[in-house]
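Data from query29.txt: compact mmCIF, C-alpha atoms
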```
# COMPACT_ATOMS: atom_id res chain seq x y z
CA MET A 1 134.15 118.72 78.58
CA LYS A 2 134.48 121.29 81.30
CA LYS A 3 137.58 120.92 83.39
CA LYS A 4 138.84 123.37 85.96
CA GLY A 5 141.73 125.37 84.58
CA TYR A 6 140.70 125.19 80.91
CA GLN A 7 139.14 128.18 79.17
CA PHE A 8 136.26 127.19 76.94
CA GLY A 9 133.61 129.63 75.87
CA PRO A 10 133.09 133.29 76.71
CA THR A 11 136.19 135.30 77.54
CA THR A 12 135.00 138.67 78.83
CA SER A 13 134.41 138.94 82.55
CA GLU A 14 130.74 139.82 81.94
CA GLU A 15 130.25 136.75 79.72
CA LYS A 16 131.96 134.56 82.30
CA LYS A 17 129.49 135.74 84.93
CA THR A 18 126.43 134.94 82.84
CA HIS A 19 127.27 132.14 80.40
CA SER A 20 125.48 129.01 81.61
CA ALA A 21 128.05 126.59 80.21
CA LEU A 22 130.71 127.96 82.59
CA GLN A 23 128.87 126.83 85.71
CA PRO A 24 130.13 123.88 87.78
CA TYR A 25 128.88 120.59 86.32
CA ASN A 26 126.40 119.97 89.14
CA GLN A 27 124.79 123.36 88.41
CA LEU A 28 124.31 122.76 84.68
CA THR A 29 120.89 122.00 83.23
CA ASP A 30 120.24 118.38 82.26
CA ASP A 31 120.58 119.41 78.60
CA GLU A 32 123.99 121.01 79.19
CA LYS A 33 125.17 117.97 81.17
CA GLU A 34 124.13 115.74 78.28
CA GLN A 35 125.96 118.02 75.81
CA ASN A 36 129.14 117.54 77.85
CA ARG A 37 128.66 113.75 77.97
CA ARG A 38 128.06 113.57 74.20
CA ASN A 39 131.21 115.58 73.55
CA VAL A 40 133.26 113.20 75.69
CA ARG A 41 131.69 110.08 74.15
CA ASP A 42 132.64 111.36 70.69
CA ILE A 43 136.33 112.05 71.43
CA VAL A 44 137.53 108.62 70.25
CA ASN A 45 135.50 108.94 67.03
CA LYS A 46 136.84 112.42 66.23
CA LEU A 47 140.41 111.39 67.00
CA SER A 48 140.10 108.31 64.79
CA MET A 49 138.67 110.28 61.86
CA ALA A 50 141.56 112.76 62.14
CA GLY A 51 144.20 109.99 62.23
CA TYR A 52 144.81 109.80 65.99
CA LEU A 53 144.22 107.22 68.66
CA MET A 54 143.78 107.31 72.41
CA ARG A 55 145.83 104.87 74.49
CA PRO A 56 146.98 104.44 78.09
CA ALA A 57 149.71 106.95 78.85
CA ARG A 58 153.22 106.00 79.86
CA SER A 59 154.71 107.65 82.94
CA HIS A 60 155.95 111.22 82.37
CA GLU A 61 154.78 111.18 78.77
CA ARG A 62 154.62 114.57 77.04
CA VAL A 63 151.13 115.80 76.11
CA ILE A 64 150.81 116.52 72.38
CA ASN A 65 149.53 119.69 70.79
CA PHE A 66 147.55 119.19 67.60
CA PRO A 67 149.08 120.76 64.47
CA GLN A 68 146.87 123.44 62.92
CA ASP A 69 145.41 121.21 60.18
CA SER A 70 144.34 118.58 62.72
CA LEU A 71 143.05 121.26 65.09
CA ASP A 72 140.92 122.74 62.29
CA LEU A 73 139.53 119.35 61.27
CA LEU A 74 138.71 118.30 64.85
CA ALA A 75 137.07 121.67 65.60
CA ARG A 76 134.93 121.38 62.47
CA MET A 77 133.90 117.84 63.43
CA GLU A 78 132.98 118.98 66.93
CA HIS A 79 130.83 121.79 65.57
CA GLU A 80 129.10 119.42 63.14
CA ARG A 81 128.45 116.91 65.97
CA TRP A 82 127.02 119.71 68.13
CA VAL A 83 124.77 120.97 65.30
CA GLU A 84 123.43 117.44 64.62
CA ALA A 85 122.69 116.93 68.32
CA LYS A 86 120.91 120.27 68.60
CA LEU A 87 118.81 119.70 65.47
CA ALA A 88 117.89 116.19 66.65
CA ALA A 89 116.72 117.73 69.94
CA GLY A 90 114.40 120.10 68.10
CA TRP A 91 116.54 123.25 68.07
CA GLN A 92 116.39 125.68 65.15
CA TYR A 93 118.52 128.49 63.81
CA ALA A 94 117.70 132.07 64.84
CA GLU A 95 119.62 135.33 64.65
CA GLU A 96 119.62 135.47 68.46
CA THR A 97 119.95 132.52 70.82
CA ASP A 98 116.86 131.83 72.94
CA LYS A 99 117.41 128.65 74.96
CA PRO A 100 113.86 128.28 76.32
CA ARG A 101 112.53 128.39 72.73
CA LYS A 102 115.37 126.12 71.47
CA LEU A 103 116.74 128.73 69.08
CA HIS A 104 120.49 129.17 68.53
CA LYS A 105 122.50 131.54 66.38
CA SER A 106 125.36 129.03 65.87
CA LEU A 107 123.27 126.40 64.09
CA VAL A 108 124.98 127.14 60.80
CA PRO A 109 127.54 125.31 58.63
CA TRP A 110 131.16 125.70 59.74
CA GLU A 111 131.93 128.07 56.87
CA GLN A 112 129.24 130.50 58.07
CA LEU A 113 130.24 130.34 61.73
CA PRO A 114 131.76 133.59 63.06
CA GLN A 115 135.45 133.30 63.94
CA ALA A 116 134.75 133.82 67.65
CA GLU A 117 132.53 130.73 67.62
CA LYS A 118 135.12 128.74 65.65
CA ASP A 119 137.68 129.75 68.27
CA LYS A 120 135.51 128.18 70.98
CA ASP A 121 135.58 124.87 69.11
CA HIS A 122 139.34 125.19 68.59
CA ASP A 123 139.81 125.82 72.33
CA LEU A 124 137.65 122.82 73.21
CA VAL A 125 139.62 120.53 70.90
CA ARG A 126 142.96 122.00 71.98
CA GLY A 127 142.17 120.84 75.53
CA ILE A 128 141.45 117.20 74.63
CA PRO A 129 145.03 115.86 75.04
CA ARG A 130 145.41 117.58 78.44
CA VAL A 131 142.06 116.37 79.71
CA LEU A 132 142.82 112.81 78.58
CA ALA A 133 146.28 113.00 80.19
CA LYS A 134 144.66 113.82 83.53
CA ALA A 135 142.59 110.65 83.09
CA GLY A 136 145.72 108.56 82.31
CA PHE A 137 145.50 108.53 78.52
CA ALA A 138 147.65 109.84 75.68
CA VAL A 139 146.82 110.90 72.13
CA GLU A 140 149.05 109.57 69.38
CA LYS A 141 149.13 110.13 65.61
CA THR A 142 148.54 106.88 63.71
CA GLY A 143 150.42 105.69 60.65
```
Using structure tokens, write down the structure that the file contains.
Amino acid sequence: MKKKGYQFGPTTSEEKKTHSALQPYNQLTDDEKEQNRRNVRDIVNKLSMAGYLMRPARSHERVINFPQDSLDLLARMEHERWVEAKLAAGWQYAEETDKPRKLHKSLVPWEQLPQAEKDKDHDLVRGIPRVLAKAGFAVEKTG
């Protein structure tokens, strides 16, 4: 879910220059494009499991911010979805990421994930209501 104006991923200027996921969509590898599509396809599922729904927005409706407990849950679910997709595609854990060899240092349970990596998932999830609003949808807490 890469949208112009949202900061997902590396934050240092050197990382921004080199991190492949920060390229324009048409310059991503097929694998990275598919990762983005899978993330988007899973938004409704994650929202539902966290007690939210997606619906058409009303004019001038305020975009919600997830409370911390929901943000944590959604970020964890996104990481778990990403891990499952990577493992299904033949990736394995390694201490250093090596994309050509399908090795990644973040293929660990949420509890073992470094805070900087958790923050990336939090940032990704934090952007969901704004991205959906641009597409004409709103996120609403159920019940």
Checklist entry - Restricting the calculation to only C-alpha atoms, which member of A:Gln92, A:Asn26, A:Gln112, A:Ser70 is positioned closest to A:Ser48? => result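 When distances to A:Ser48 are compared using only C-alpha atoms, the smallest one comes from A:Ser70.
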Item to check | Selected residue of minimal separation from A:Ala133 among A:Glu61, A:Glu111, A:Asp31, A:Asp119, counting only C-alpha atoms | outcome: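 For A:Ala133, the nearest of the given residues is A:Glu61.
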Proximity of stretch 60-93 of chain A to stretch 38-42 of chain A: per-residue shortest pair, 12 Å limit, only C-alpha atoms, as JSON lines:
```
{"residue": "A:Leu74", "atom": "CA", "partner": "A:Asp42", "partner_atom": "CA", "distance": 10.9}
{"residue": "A:Ala75", "atom": "CA", "partner": "A:Asn39", "partner_atom": "CA", "distance": 11.6}
{"residue": "A:Met77", "atom": "CA", "partner": "A:Asp42", "partner_atom": "CA", "distance": 9.8}
{"residue": "A:Glu78", "atom": "CA", "partner": "A:Asn39", "partner_atom": "CA", "distance": 7.6}
{"residue": "A:His79", "atom": "CA", "partner": "A:Asn39", "partner_atom": "CA", "distance": 10.1}
{"residue": "A:Glu80", "atom": "CA", "partner": "A:Asn39", "partner_atom": "CA", "distance": 11.3}
{"residue": "A:Arg81", "atom": "CA", "partner": "A:Asn39", "partner_atom": "CA", "distance": 8.2}
{"residue": "A:Trp82", "atom": "CA", "partner": "A:Asn39", "partner_atom": "CA", "distance": 8.0}
{"residue": "A:Val83", "atom": "CA", "partner": "A:Asn39", "partner_atom": "CA", "distance": 11.8}
{"residue": "A:Glu84", "atom": "CA", "partner": "A:Arg38", "partner_atom": "CA", "distance": 11.3}
{"residue": "A:Ala85", "atom": "CA", "partner": "A:Arg38", "partner_atom": "CA", "distance": 8.6}
{"residue": "A:Lys86", "atom": "CA", "partner": "A:Arg38", "partner_atom": "CA", "distance": 11.3}
```
Please save C-alpha atoms of the selected residues as a PDB file, keeping the file's coordinate frame.
```
ATOM      1  CA  LEU A  74     138.710 118.300  64.850  1.00  0.00           C
ATOM      2  CA  ALA A  75     137.070 121.670  65.600  1.00  0.00           C
ATOM      3  CA  MET A  77     133.900 117.840  63.430  1.00  0.00           C
ATOM      4  CA  GLU A  78     132.980 118.980  66.930  1.00  0.00           C
ATOM      5  CA  HIS A  79     130.830 121.790  65.570  1.00  0.00           C
ATOM      6  CA  GLU A  80     129.100 119.420  63.140  1.00  0.00           C
ATOM      7  CA  ARG A  81     128.450 116.910  65.970  1.00  0.00           C
ATOM      8  CA  TRP A  82     127.020 119.710  68.130  1.00  0.00           C
ATOM      9  CA  VAL A  83     124.770 120.970  65.300  1.00  0.00           C
ATOM     10  CA  GLU A  84     123.430 117.440  64.620  1.00  0.00           C
ATOM     11  CA  ALA A  85     122.690 116.930  68.320  1.00  0.00           C
ATOM     12  CA  LYS A  86     120.910 120.270  68.600  1.00  0.00           C
TER      13      LYS A  86
END
```
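In this structure, atom CA of A:Ser106 sits 17.0 Å away from atom CA of A:Asn36.
The smallest atom-to-atom distance between A:Arg76 and any of A:Gly127, A:Thr29, A:Pro109, A:Glu34, using all atoms listed in the file, is found for A:Pro109.
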Checklist entry - Just how far from atom CA of A:Trp110 is atom CA of A:Tyr25, in Å to one decimal? => result 27.2 Å
Item to check | All residues 10 Å or closer to A:Arg130, all atoms listed in the file, same chain fewer than 2 positions away omitted, as an MDAnalysis selection string | outcome: chainID A and resid 3 6 62:65 125:128 132:139
Checklist entry - If you measure from atom CA of A:Val131 to atom CA of A:Lys118, what distance in Å do you get, rounded to one decimal? => result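 That distance, rounded to one decimal, is 20.0 Å.
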Take every atom of stretch 117-125 of chain A listed in the file, fit an axis-aligned box around them, add 8 Å per side, and give the centre and edge lengths in Å to one decimal as lines of an AutoDock Vina configuration file.
```
center_x = 136.2
center_y = 125.6
center_z = 69.4
size_x = 23.3
size_y = 26.2
size_z = 23.6
```
Item to check | Among the residues A:Asp30, A:Asp123, A:Glu96, A:Asp69, the one that comes closest to A:Gly51 [using all atoms listed in the file] | outcome: A:Asp69
Next on the checklist: Restricting the calculation to only C-alpha atoms: of A:Leu71, A:Leu28, A:Val108, A:Ala50, which residue gets closest to A:Trp91?
Outcome noted: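 Selected residue with least distance to A:Trp91: A:Val108.
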Can I get stretch 97-111 of chain A with N, CA, C and O atoms filled in, as a JSON list (two decimals), in the coordinates of the input?
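File result-v7.json, as written:
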```json
[["chain", "number", "residue", "atom", "x", "y", "z"],
["A", 97, "THR", "N", 120.18, 133.73, 70.06],
["A", 97, "THR", "CA", 119.95, 132.52, 70.82],
["A", 97, "THR", "C", 118.87, 132.76, 71.87],
["A", 97, "THR", "O", 118.88, 133.77, 72.57],
["A", 98, "ASP", "N", 117.94, 131.81, 71.95],
["A", 98, "ASP", "CA", 116.86, 131.83, 72.94],
["A", 98, "ASP", "C", 116.69, 130.39, 73.42],
["A", 98, "ASP", "O", 115.98, 129.60, 72.79],
["A", 99, "LYS", "N", 117.39, 130.04, 74.50],
["A", 99, "LYS", "CA", 117.41, 128.65, 74.96],
["A", 99, "LYS", "C", 116.03, 128.10, 75.30],
["A", 99, "LYS", "O", 115.73, 126.97, 74.91],
["A", 100, "PRO", "N", 115.19, 128.85, 76.02],
["A", 100, "PRO", "CA", 113.86, 128.28, 76.32],
["A", 100, "PRO", "C", 113.05, 127.92, 75.07],
["A", 100, "PRO", "O", 112.27, 126.97, 75.08],
["A", 101, "ARG", "N", 113.26, 128.65, 73.98],
["A", 101, "ARG", "CA", 112.53, 128.39, 72.73],
["A", 101, "ARG", "C", 113.32, 127.47, 71.79],
["A", 101, "ARG", "O", 112.88, 127.20, 70.67],
["A", 102, "LYS", "N", 114.49, 127.00, 72.25],
["A", 102, "LYS", "CA", 115.37, 126.12, 71.47],
["A", 102, "LYS", "C", 115.79, 126.76, 70.14],
["A", 102, "LYS", "O", 115.70, 126.16, 69.08],
["A", 103, "LEU", "N", 116.23, 128.00, 70.23],
["A", 103, "LEU", "CA", 116.74, 128.73, 69.08],
["A", 103, "LEU", "C", 118.21, 129.07, 69.34],
["A", 103, "LEU", "O", 118.55, 129.48, 70.45],
["A", 104, "HIS", "N", 119.05, 128.90, 68.32],
["A", 104, "HIS", "CA", 120.49, 129.17, 68.53],
["A", 104, "HIS", "C", 121.09, 129.78, 67.28],
["A", 104, "HIS", "O", 120.89, 129.30, 66.16],
["A", 105, "LYS", "N", 121.88, 130.83, 67.50],
["A", 105, "LYS", "CA", 122.50, 131.54, 66.38],
["A", 105, "LYS", "C", 123.68, 130.80, 65.75],
["A", 105, "LYS", "O", 124.11, 131.13, 64.66],
["A", 106, "SER", "N", 124.20, 129.76, 66.40],
["A", 106, "SER", "CA", 125.36, 129.03, 65.87],
["A", 106, "SER", "C", 124.98, 127.77, 65.11],
["A", 106, "SER", "O", 125.86, 127.00, 64.74],
["A", 107, "LEU", "N", 123.70, 127.57, 64.86],
["A", 107, "LEU", "CA", 123.27, 126.40, 64.09],
["A", 107, "LEU", "C", 123.40, 126.68, 62.59],
["A", 107, "LEU", "O", 122.43, 126.74, 61.86],
["A", 108, "VAL", "N", 124.64, 126.85, 62.19],
["A", 108, "VAL", "CA", 124.98, 127.14, 60.80],
["A", 108, "VAL", "C", 126.15, 126.25, 60.38],
["A", 108, "VAL", "O", 126.87, 125.74, 61.24],
["A", 109, "PRO", "N", 126.35, 126.06, 59.08],
["A", 109, "PRO", "CA", 127.54, 125.31, 58.63],
["A", 109, "PRO", "C", 128.82, 126.00, 59.12],
["A", 109, "PRO", "O", 128.86, 127.21, 59.34],
["A", 110, "TRP", "N", 129.86, 125.22, 59.26],
["A", 110, "TRP", "CA", 131.16, 125.70, 59.74],
["A", 110, "TRP", "C", 131.63, 126.95, 59.00],
["A", 110, "TRP", "O", 132.12, 127.89, 59.60],
["A", 111, "GLU", "N", 131.46, 126.95, 57.68],
["A", 111, "GLU", "CA", 131.93, 128.07, 56.87],
["A", 111, "GLU", "C", 131.22, 129.38, 57.21],
["A", 111, "GLU", "O", 131.77, 130.45, 57.01]]
```
